[in-house]
file query_27.csv (CSV, N, CA and C atoms)
chain,number,residue,atom,x,y,z
A,28,MET,N,-7.0,-0.3,-15.1
A,28,MET,CA,-6.6,-0.1,-13.7
A,28,MET,C,-7.7,0.8,-13.1
A,29,ILE,N,-8.1,0.4,-11.9
A,29,ILE,CA,-9.1,1.1,-11.1
A,29,ILE,C,-8.4,1.9,-10.0
A,30,PRO,N,-8.5,3.2,-10.0
A,30,PRO,CA,-7.8,4.0,-8.9
A,30,PRO,C,-8.4,3.7,-7.6
A,31,HIS,N,-7.6,3.6,-6.6
A,31,HIS,CA,-8.1,3.3,-5.2
A,31,HIS,C,-8.1,4.6,-4.4
A,32,VAL,N,-8.8,5.6,-4.8
A,32,VAL,CA,-8.7,6.9,-4.1
A,32,VAL,C,-9.3,6.9,-2.7
A,33,ASP,N,-10.2,6.1,-2.4
A,33,ASP,CA,-10.8,6.1,-1.1
A,33,ASP,C,-10.3,5.0,-0.1
A,34,LEU,N,-9.2,4.4,-0.5
A,34,LEU,CA,-8.6,3.3,0.3
A,34,LEU,C,-7.3,3.8,1.0
A,35,ARG,N,-7.0,3.3,2.1
A,35,ARG,CA,-5.9,3.7,2.9
A,35,ARG,C,-4.7,2.8,2.5
A,36,PRO,N,-3.5,3.2,2.8
A,36,PRO,CA,-2.3,2.3,2.5
A,36,PRO,C,-2.4,1.0,3.3
A,37,ILE,N,-3.2,1.0,4.3
A,37,ILE,CA,-3.3,-0.3,5.1
A,37,ILE,C,-4.5,-1.1,4.8
A,38,SER,N,-5.2,-0.8,3.7
A,38,SER,CA,-6.4,-1.5,3.3
A,38,SER,C,-6.0,-3.0,2.9
A,39,SER,N,-6.7,-3.9,3.3
A,39,SER,CA,-6.4,-5.3,3.0
A,39,SER,C,-6.7,-5.6,1.5
A,40,VAL,N,-6.1,-6.7,1.0
A,40,VAL,CA,-6.4,-7.1,-0.3
A,40,VAL,C,-7.9,-7.4,-0.5
A,41,ALA,N,-8.5,-8.0,0.5
A,41,ALA,CA,-10.0,-8.3,0.4
A,41,ALA,C,-10.8,-7.0,0.3
A,42,ALA,N,-10.4,-6.0,1.0
A,42,ALA,CA,-11.1,-4.7,1.0
A,42,ALA,C,-11.0,-4.0,-0.4
A,43,VAL,N,-9.8,-4.1,-1.0
A,43,VAL,CA,-9.5,-3.5,-2.3
A,43,VAL,C,-10.3,-4.3,-3.4
A,44,GLN,N,-10.3,-5.6,-3.3
A,44,GLN,CA,-11.0,-6.4,-4.2
A,44,GLN,C,-12.5,-6.2,-4.1
A,45,GLN,N,-13.0,-6.1,-2.9
A,45,GLN,CA,-14.5,-5.8,-2.8
A,45,GLN,C,-14.9,-4.5,-3.3
A,46,ARG,N,-14.0,-3.4,-3.1
A,46,ARG,CA,-14.3,-2.1,-3.6
A,46,ARG,C,-14.3,-2.1,-5.1
A,47,ASP,N,-13.3,-2.8,-5.7
A,47,ASP,CA,-13.2,-2.8,-7.2
A,47,ASP,C,-14.4,-3.6,-7.8
A,48,ALA,N,-14.8,-4.7,-7.1
A,48,ALA,CA,-15.9,-5.5,-7.6
A,48,ALA,C,-17.2,-4.6,-7.5
A,49,ASP,N,-17.4,-3.9,-6.5
A,49,ASP,CA,-18.5,-3.0,-6.3
A,49,ASP,C,-18.6,-1.9,-7.4
A,50,VAL,N,-17.4,-1.3,-7.6
A,50,VAL,CA,-17.3,-0.2,-8.6
A,50,VAL,C,-17.8,-0.6,-10.0
A,51,LEU,N,-17.5,-1.9,-10.4
A,51,LEU,CA,-17.8,-2.3,-11.7
A,51,LEU,C,-19.1,-3.0,-11.8
A,52,LYS,N,-19.8,-3.3,-10.7
A,52,LYS,CA,-21.0,-4.0,-10.7
A,52,LYS,C,-22.1,-3.3,-11.5
A,53,HIS,N,-22.3,-2.0,-11.3
A,53,HIS,CA,-23.3,-1.3,-12.0
A,53,HIS,C,-23.0,-1.2,-13.5
A,54,LEU,N,-21.8,-1.1,-13.8
A,54,LEU,CA,-21.4,-1.1,-15.3
A,54,LEU,C,-21.8,-2.4,-15.9
A,55,ALA,N,-21.4,-3.5,-15.3
A,55,ALA,CA,-21.7,-4.8,-15.9
A,55,ALA,C,-23.2,-5.0,-16.0
A,56,LYS,N,-24.0,-4.5,-15.0
A,56,LYS,CA,-25.4,-4.7,-15.1
A,56,LYS,C,-26.0,-3.8,-16.3
A,57,ALA,N,-25.5,-2.5,-16.3
A,57,ALA,CA,-26.0,-1.6,-17.4
A,57,ALA,C,-25.7,-2.1,-18.8
A,58,LEU,N,-24.6,-2.8,-18.9
A,58,LEU,CA,-24.2,-3.3,-20.3
A,58,LEU,C,-24.6,-4.7,-20.5
A,59,ASN,N,-25.3,-5.3,-19.6
A,59,ASN,CA,-25.8,-6.6,-19.7
A,59,ASN,C,-24.7,-7.7,-19.9
A,60,LEU,N,-23.7,-7.6,-19.0
A,60,LEU,CA,-22.6,-8.5,-19.1
A,60,LEU,C,-22.6,-9.5,-18.0
A,61,SER,N,-22.2,-10.7,-18.3
A,61,SER,CA,-22.0,-11.6,-17.2
A,61,SER,C,-20.7,-11.1,-16.5
A,62,TYR,N,-20.6,-11.3,-15.2
A,62,TYR,CA,-19.6,-10.6,-14.4
A,62,TYR,C,-19.1,-11.6,-13.3
A,63,THR,N,-17.8,-11.8,-13.3
A,63,THR,CA,-17.1,-12.6,-12.3
A,63,THR,C,-16.0,-11.7,-11.8
A,64,ALA,N,-15.9,-11.6,-10.4
A,64,ALA,CA,-14.9,-10.7,-9.8
A,64,ALA,C,-14.1,-11.6,-8.8
A,65,PHE,N,-12.9,-11.8,-9.1
A,65,PHE,CA,-11.9,-12.5,-8.2
A,65,PHE,C,-12.5,-13.9,-7.8
A,66,GLY,N,-13.0,-14.6,-8.9
A,66,GLY,CA,-13.5,-15.9,-8.7
A,66,GLY,C,-14.9,-16.1,-8.2
A,67,SER,N,-15.6,-15.0,-7.9
A,67,SER,CA,-17.0,-15.0,-7.5
A,67,SER,C,-17.9,-14.5,-8.6
A,68,VAL,N,-18.9,-15.4,-8.9
A,68,VAL,CA,-19.8,-15.0,-10.0
A,68,VAL,C,-20.8,-14.0,-9.5
A,69,ILE,N,-20.8,-12.8,-10.0
A,69,ILE,CA,-21.7,-11.7,-9.6
A,69,ILE,C,-23.0,-11.8,-10.5
A,70,PHE,N,-22.8,-11.8,-11.8
A,70,PHE,CA,-23.9,-12.0,-12.7
A,70,PHE,C,-23.6,-13.2,-13.6
A,71,PRO,N,-24.3,-14.3,-13.5
A,71,PRO,CA,-24.0,-15.5,-14.3
A,71,PRO,C,-24.2,-15.2,-15.8
A,72,GLU,N,-23.5,-16.0,-16.6
A,72,GLU,CA,-23.7,-15.9,-18.1
A,72,GLU,C,-25.0,-16.6,-18.4
A,73,ASP,N,-25.7,-16.0,-19.3
A,73,ASP,CA,-26.9,-16.6,-19.8
A,73,ASP,C,-27.1,-16.2,-21.3
A,74,ASP,N,-28.2,-16.7,-21.9
A,74,ASP,CA,-28.4,-16.4,-23.4
A,74,ASP,C,-28.6,-15.0,-23.7
A,75,THR,N,-28.9,-14.1,-22.8
A,75,THR,CA,-29.1,-12.7,-23.1
A,75,THR,C,-27.9,-11.9,-22.8
A,76,SER,N,-26.8,-12.4,-22.2
A,76,SER,CA,-25.6,-11.7,-21.9
A,76,SER,C,-25.0,-11.1,-23.2
A,77,ALA,N,-24.6,-9.8,-23.1
A,77,ALA,CA,-24.0,-9.2,-24.3
A,77,ALA,C,-22.5,-9.4,-24.3
A,78,GLY,N,-21.9,-10.0,-23.3
A,78,GLY,CA,-20.5,-10.3,-23.2
A,78,GLY,C,-20.1,-10.7,-21.8
A,79,THR,N,-18.8,-10.7,-21.5
A,79,THR,CA,-18.3,-11.1,-20.2
A,79,THR,C,-17.4,-10.1,-19.7
A,80,LEU,N,-17.5,-9.8,-18.4
A,80,LEU,CA,-16.5,-9.0,-17.7
A,80,LEU,C,-15.9,-9.8,-16.5
A,81,THR,N,-14.6,-10.0,-16.6
A,81,THR,CA,-13.9,-10.7,-15.5
A,81,THR,C,-12.9,-9.9,-14.9
A,82,LEU,N,-12.9,-9.8,-13.6
A,82,LEU,CA,-12.0,-9.0,-12.8
A,82,LEU,C,-11.2,-9.9,-12.0
A,83,SER,N,-9.8,-9.8,-12.1
A,83,SER,CA,-9.0,-10.8,-11.4
A,83,SER,C,-7.6,-10.1,-11.0
A,84,ASP,N,-6.9,-10.8,-10.2
A,84,ASP,CA,-5.5,-10.3,-9.8
A,84,ASP,C,-4.7,-10.8,-11.0
A,85,ALA,N,-4.1,-9.8,-11.8
A,85,ALA,CA,-3.4,-10.1,-13.0
A,85,ALA,C,-2.3,-11.1,-12.8
A,86,TRP,N,-1.5,-11.0,-11.7
A,86,TRP,CA,-0.4,-11.9,-11.5
A,86,TRP,C,-0.5,-12.9,-10.4
A,87,ASP,N,-1.7,-12.8,-9.8
A,87,ASP,CA,-2.1,-13.7,-8.6
A,87,ASP,C,-1.0,-13.6,-7.5
A,88,ASP,N,-0.6,-12.4,-7.2
A,88,ASP,CA,0.4,-12.2,-6.2
A,88,ASP,C,0.1,-11.0,-5.3
A,89,ALA,N,-1.2,-10.7,-5.1
A,89,ALA,CA,-1.5,-9.5,-4.3
A,89,ALA,C,-0.9,-9.6,-2.9
A,90,LEU,N,-0.4,-8.5,-2.4
A,90,LEU,CA,0.3,-8.4,-1.1
A,90,LEU,C,-0.6,-7.7,-0.1
A,91,GLU,N,-0.7,-8.3,1.1
A,91,GLU,CA,-1.3,-7.7,2.2
A,91,GLU,C,-0.4,-6.6,2.7
A,92,PRO,N,-1.0,-5.5,3.3
A,92,PRO,CA,-0.1,-4.4,3.8
A,92,PRO,C,0.7,-4.9,5.0
A,93,ALA,N,1.9,-4.4,5.2
A,93,ALA,CA,2.7,-4.7,6.3
A,93,ALA,C,2.1,-4.1,7.6
A,94,PRO,N,2.3,-4.7,8.7
A,94,PRO,CA,1.7,-4.2,9.9
A,94,PRO,C,2.3,-2.8,10.2
A,95,VAL,N,1.6,-2.0,10.9
A,95,VAL,CA,2.1,-0.7,11.3
A,95,VAL,C,3.0,-0.8,12.4
A,96,THR,N,4.2,-0.2,12.3
A,96,THR,CA,5.2,-0.3,13.3
A,96,THR,C,5.0,0.9,14.2
A,97,PRO,N,5.1,0.7,15.5
A,97,PRO,CA,5.0,1.9,16.4
A,97,PRO,C,6.1,2.9,16.2
A,98,THR,N,5.7,4.2,16.2
A,98,THR,CA,6.7,5.2,15.9
A,98,THR,C,6.7,6.3,17.0
A,99,SER,N,6.1,5.9,18.2
A,99,SER,CA,6.2,6.9,19.3
A,99,SER,C,7.6,7.0,19.7
A,100,GLU,N,8.0,8.1,20.3
A,100,GLU,CA,9.4,8.4,20.6
A,100,GLU,C,10.0,7.4,21.5
A,101,ASP,N,9.2,6.7,22.4
A,101,ASP,CA,9.7,5.8,23.4
A,101,ASP,C,9.5,4.3,22.9
A,102,SER,N,9.0,4.0,21.8
A,102,SER,CA,8.8,2.7,21.3
A,102,SER,C,10.2,2.1,20.9
A,103,ALA,N,10.3,0.8,21.3
A,103,ALA,CA,11.6,0.1,21.0
A,103,ALA,C,11.9,0.1,19.5
A,104,PRO,N,10.9,-0.3,18.6
A,104,PRO,CA,11.3,-0.3,17.2
A,104,PRO,C,11.7,1.1,16.6
A,105,TRP,N,11.1,2.2,17.1
A,105,TRP,CA,11.5,3.5,16.7
A,105,TRP,C,12.8,3.9,17.2
A,106,LYS,N,13.1,3.6,18.5
A,106,LYS,CA,14.4,3.9,19.0
A,106,LYS,C,15.5,3.2,18.2
A,107,LEU,N,15.3,1.9,17.9
A,107,LEU,CA,16.3,1.2,17.1
A,107,LEU,C,16.5,1.8,15.7
A,108,PHE,N,15.4,2.1,15.0
A,108,PHE,CA,15.4,2.6,13.7
A,108,PHE,C,16.0,4.0,13.6
A,109,SER,N,15.5,4.9,14.4
A,109,SER,CA,16.0,6.3,14.4
A,109,SER,C,17.5,6.3,14.9
A,110,GLY,N,17.8,5.5,16.0
A,110,GLY,CA,19.1,5.5,16.5
A,110,GLY,C,20.1,5.0,15.5
A,111,THR,N,19.7,4.0,14.7
A,111,THR,CA,20.6,3.5,13.6
A,111,THR,C,20.9,4.6,12.6
A,112,ILE,N,19.9,5.3,12.2
A,112,ILE,CA,20.0,6.3,11.2
A,112,ILE,C,20.9,7.4,11.7
A,113,LYS,N,20.7,7.8,13.0
A,113,LYS,CA,21.5,8.9,13.6
A,113,LYS,C,23.0,8.5,13.7
A,114,ALA,N,23.2,7.2,14.2
A,114,ALA,CA,24.6,6.7,14.4
A,114,ALA,C,25.3,6.6,13.0
A,115,THR,N,24.6,6.2,12.0
A,115,THR,CA,25.2,6.1,10.7
A,115,THR,C,25.5,7.5,10.1
A,116,TYR,N,24.6,8.4,10.3
A,116,TYR,CA,24.8,9.8,9.8
A,116,TYR,C,26.1,10.4,10.5
A,117,ASN,N,26.1,10.2,11.8
A,117,ASN,CA,27.2,10.8,12.6
A,117,ASN,C,28.5,10.1,12.3
A,118,ALA,N,28.6,8.8,12.1
A,118,ALA,CA,29.8,8.1,11.8
A,118,ALA,C,30.3,8.5,10.5
A,119,HIS,N,29.5,8.6,9.5
A,119,HIS,CA,29.9,9.0,8.1
A,119,HIS,C,30.5,10.4,8.1
A,120,ARG,N,30.0,11.3,9.0
A,120,ARG,CA,30.5,12.7,9.0
A,120,ARG,C,31.4,13.0,10.1
A,121,GLY,N,31.8,12.0,10.9
A,121,GLY,CA,32.7,12.2,12.0
A,121,GLY,C,32.1,13.1,13.1
A,122,LEU,N,30.8,13.0,13.4
A,122,LEU,CA,30.2,13.9,14.4
A,122,LEU,C,29.9,13.1,15.7
A,123,ASP,N,29.8,13.9,16.8
A,123,ASP,CA,29.4,13.3,18.0
A,123,ASP,C,28.1,14.0,18.5
A,124,GLY,N,27.3,13.2,19.3
A,124,GLY,CA,26.1,13.8,19.8
A,124,GLY,C,24.9,13.1,19.2
A,125,ALA,N,23.8,13.1,19.9
A,125,ALA,CA,22.6,12.4,19.5
A,125,ALA,C,21.6,13.4,18.7
A,126,ASP,N,21.8,14.7,18.8
A,126,ASP,CA,20.9,15.6,18.2
A,126,ASP,C,21.4,16.4,17.0
A,127,ASN,N,22.3,15.8,16.2
A,127,ASN,CA,22.8,16.4,15.0
A,127,ASN,C,21.7,16.4,13.9
A,128,ILE,N,20.9,15.4,13.9
A,128,ILE,CA,19.8,15.3,13.0
A,128,ILE,C,18.5,14.8,13.7
A,129,PHE,N,17.4,15.1,13.1
A,129,PHE,CA,16.1,14.6,13.6
A,129,PHE,C,15.5,13.6,12.5
A,130,VAL,N,15.0,12.5,13.0
A,130,VAL,CA,14.4,11.5,12.1
A,130,VAL,C,12.9,11.5,12.4
A,131,ALA,N,12.1,11.7,11.3
A,131,ALA,CA,10.7,11.7,11.5
A,131,ALA,C,10.1,10.5,10.7
A,132,PRO,N,9.0,9.9,11.2
A,132,PRO,CA,8.4,8.7,10.5
A,132,PRO,C,7.8,9.2,9.2
A,133,GLY,N,7.8,8.3,8.2
A,133,GLY,CA,7.2,8.6,6.9
A,133,GLY,C,6.8,7.3,6.3
A,134,ILE,N,6.0,7.4,5.2
A,134,ILE,CA,5.6,6.2,4.5
A,134,ILE,C,5.6,6.4,3.0
A,135,MET,N,6.0,5.4,2.3
A,135,MET,CA,6.0,5.4,0.8
A,135,MET,C,5.0,4.4,0.4
A,136,THR,N,4.0,4.8,-0.4
A,136,THR,CA,3.0,3.9,-0.8
A,136,THR,C,3.2,3.6,-2.3
A,137,GLY,N,2.5,2.6,-2.8
A,137,GLY,CA,2.6,2.3,-4.2
A,137,GLY,C,3.2,0.9,-4.5
A,138,ASN,N,4.1,0.4,-3.7
A,138,ASN,CA,4.7,-0.9,-3.9
A,138,ASN,C,5.2,-1.0,-5.4
A,139,SER,N,5.9,0.0,-5.8
A,139,SER,CA,6.3,0.1,-7.2
A,139,SER,C,7.5,-0.7,-7.5
A,140,GLY,N,8.1,-1.4,-6.5
A,140,GLY,CA,9.3,-2.2,-6.8
A,140,GLY,C,10.6,-1.5,-6.8
A,141,GLY,N,10.5,-0.2,-6.6
A,141,GLY,CA,11.8,0.6,-6.6
A,141,GLY,C,12.6,0.3,-5.3
A,142,ASN,N,13.8,0.8,-5.3
A,142,ASN,CA,14.7,0.6,-4.2
A,142,ASN,C,14.9,1.8,-3.3
A,143,ALA,N,14.1,2.8,-3.5
A,143,ALA,CA,14.3,4.1,-2.8
A,143,ALA,C,13.4,4.1,-1.5
A,144,ARG,N,13.3,3.0,-0.8
A,144,ARG,CA,12.5,2.9,0.4
A,144,ARG,C,13.3,3.2,1.6
A,145,THR,N,13.3,4.4,2.2
A,145,THR,CA,14.0,4.7,3.4
A,145,THR,C,13.2,4.6,4.6
A,146,GLY,N,11.9,4.8,4.6
A,146,GLY,CA,11.0,4.6,5.7
A,146,GLY,C,11.1,5.8,6.6
A,147,GLY,N,11.9,6.7,6.5
A,147,GLY,CA,12.0,7.9,7.4
A,147,GLY,C,12.4,9.1,6.6
A,148,LEU,N,12.2,10.2,7.2
A,148,LEU,CA,12.5,11.5,6.6
A,148,LEU,C,13.7,12.1,7.4
A,149,LEU,N,14.8,12.5,6.8
A,149,LEU,CA,15.9,13.0,7.5
A,149,LEU,C,15.9,14.5,7.5
A,150,LEU,N,15.9,15.1,8.6
A,150,LEU,CA,16.0,16.6,8.7
A,150,LEU,C,17.3,17.0,9.4
A,151,THR,N,18.1,17.8,8.7
A,151,THR,CA,19.4,18.2,9.3
A,151,THR,C,19.3,19.6,9.9
A,152,GLN,N,20.1,19.9,10.9
A,152,GLN,CA,20.2,21.2,11.4
A,152,GLN,C,21.2,22.0,10.6
A,153,GLY,N,21.0,23.3,10.6
A,153,GLY,CA,22.1,24.1,10.0
A,153,GLY,C,21.6,24.9,9.0
call {"tool": "encode", "arguments": {"input": "query_27.csv", "output": "structure tokens"}}
result
Amino acid sequence: MIPHVDLRPISSVAAVQQRDADVLKHLAKALNLSYTAFGSVIFPEDDTSAGTLTLSDAWDDALEPAPVTPTSEDSAPWKLFSGTIKATYNAHRGLDGADNIFVAPGIMTGNSGGNARTGGLLLTQG
């Protein structure tokens, strides 16, 4: 696994693949390896190659990042999302009023397959 420390959560699959290919290029050259990255031959195999390095998408199912949803206070998607959270919170607790809680935008990165994706941070008064 190659850590993607200098990439943003909105980096495209192509950007991540290009970075990974570039990171290993010097290693393949130094070790005299033929090198193929995501189907592109970087260093072809020849009689002097000491081995082969192949970089690929292990499951062939890379996901592009989701588009960034507007989160300004007046944007329609944010009003719907935060309003739904507030209404659900209030209904569950038998509360009235729009300002019992504050909802702030947040992001969970990693695409770990877990089910704990809330998309927002809940801050309660009190």
call {"tool": "residues_around", "arguments": {"input": "query_27.csv", "residues": "range 52-60 of chain A", "least_positions_apart": "2", "cutoff": "8 Å", "atoms": "only C-alpha atoms", "output": "PyMOL selection string"}}
result
chain A and resi 48-50+62+69-70+72+75-80
call {"tool": "write_last_selection", "arguments": {"input": "query_27.csv", "atoms": "N, CA and C atoms", "output": "PDB file, in the frame of the given file"}}
result
ATOM      1  N   ALA A  48     -14.800  -4.700  -7.100  1.00  0.00           N
ATOM      2  CA  ALA A  48     -15.900  -5.500  -7.600  1.00  0.00           C
ATOM      3  C   ALA A  48     -17.200  -4.600  -7.500  1.00  0.00           C
ATOM      4  N   ASP A  49     -17.400  -3.900  -6.500  1.00  0.00           N
ATOM      5  CA  ASP A  49     -18.500  -3.000  -6.300  1.00  0.00           C
ATOM      6  C   ASP A  49     -18.600  -1.900  -7.400  1.00  0.00           C
ATOM      7  N   VAL A  50     -17.400  -1.300  -7.600  1.00  0.00           N
ATOM      8  CA  VAL A  50     -17.300  -0.200  -8.600  1.00  0.00           C
ATOM      9  C   VAL A  50     -17.800  -0.600 -10.000  1.00  0.00           C
ATOM     10  N   TYR A  62     -20.600 -11.300 -15.200  1.00  0.00           N
ATOM     11  CA  TYR A  62     -19.600 -10.600 -14.400  1.00  0.00           C
ATOM     12  C   TYR A  62     -19.100 -11.600 -13.300  1.00  0.00           C
ATOM     13  N   ILE A  69     -20.800 -12.800 -10.000  1.00  0.00           N
ATOM     14  CA  ILE A  69     -21.700 -11.700  -9.600  1.00  0.00           C
ATOM     15  C   ILE A  69     -23.000 -11.800 -10.500  1.00  0.00           C
ATOM     16  N   PHE A  70     -22.800 -11.800 -11.800  1.00  0.00           N
ATOM     17  CA  PHE A  70     -23.900 -12.000 -12.700  1.00  0.00           C
ATOM     18  C   PHE A  70     -23.600 -13.200 -13.600  1.00  0.00           C
ATOM     19  N   GLU A  72     -23.500 -16.000 -16.600  1.00  0.00           N
ATOM     20  CA  GLU A  72     -23.700 -15.900 -18.100  1.00  0.00           C
ATOM     21  C   GLU A  72     -25.000 -16.600 -18.400  1.00  0.00           C
ATOM     22  N   THR A  75     -28.900 -14.100 -22.800  1.00  0.00           N
ATOM     23  CA  THR A  75     -29.100 -12.700 -23.100  1.00  0.00           C
ATOM     24  C   THR A  75     -27.900 -11.900 -22.800  1.00  0.00           C
ATOM     25  N   SER A  76     -26.800 -12.400 -22.200  1.00  0.00           N
ATOM     26  CA  SER A  76     -25.600 -11.700 -21.900  1.00  0.00           C
ATOM     27  C   SER A  76     -25.000 -11.100 -23.200  1.00  0.00           C
ATOM     28  N   ALA A  77     -24.600  -9.800 -23.100  1.00  0.00           N
ATOM     29  CA  ALA A  77     -24.000  -9.200 -24.300  1.00  0.00           C
ATOM     30  C   ALA A  77     -22.500  -9.400 -24.300  1.00  0.00           C
ATOM     31  N   GLY A  78     -21.900 -10.000 -23.300  1.00  0.00           N
ATOM     32  CA  GLY A  78     -20.500 -10.300 -23.200  1.00  0.00           C
ATOM     33  C   GLY A  78     -20.100 -10.700 -21.800  1.00  0.00           C
ATOM     34  N   THR A  79     -18.800 -10.700 -21.500  1.00  0.00           N
ATOM     35  CA  THR A  79     -18.300 -11.100 -20.200  1.00  0.00           C
ATOM     36  C   THR A  79     -17.400 -10.100 -19.700  1.00  0.00           C
ATOM     37  N   LEU A  80     -17.500  -9.800 -18.400  1.00  0.00           N
ATOM     38  CA  LEU A  80     -16.500  -9.000 -17.700  1.00  0.00           C
ATOM     39  C   LEU A  80     -15.900  -9.800 -16.500  1.00  0.00           C
TER      40      LEU A  80
END
call {"tool": "atom_distance", "arguments": {"input": "query_27.csv", "atom1": "atom N of Asp101 in chain A", "atom2": "CA of Ala118 in chain A"}}
result
23.2 Å
call {"tool": "atom_distance", "arguments": {"input": "query_27.csv", "atom1": "atom N of Leu107 in chain A", "atom2": "atom C of Gly133 in chain A"}}
result
15.4 Å
call {"tool": "select_by_dssp", "arguments": {"input": "query_27.csv", "residues": "range 37-87 of chain A", "states": "alpha helix (DSSP H)", "output": "ChimeraX atom specification"}}
result
/A:40-57
call {"tool": "atom_distance", "arguments": {"input": "query_27.csv", "atom1": "CA of Ser109 in chain A", "atom2": "CA of Leu90 in chain A"}}
result
26.5 Å
call {"tool": "closest_residue", "arguments": {"input": "query_27.csv", "among": "A:Ala93, A:Ile128, A:Leu82, A:Leu122", "to": "Ser67 in chain A", "atoms": "only N, CA and C atoms"}}
result
A:Leu82
call {"tool": "closest_residue", "arguments": {"input": "query_27.csv", "among": "A:Pro104, A:Gly121, A:Gly66, A:Gly110", "to": "Asp84 in chain A", "atoms": "only N, CA and C atoms"}}
result
A:Gly66
call {"tool": "select_by_dssp", "arguments": {"input": "query_27.csv", "residues": "range 30-139 of chain A", "states": "strand (DSSP E)", "output": "list in words"}}
result
Leu60, Ser61, Tyr62, Thr63, Ala64, Ser67, Val68, Ile69, Phe70, Gly78, Thr79, Leu80, Thr81, Leu82, Ile128, Phe129, Val130, Ala131 and Pro132 of chain A
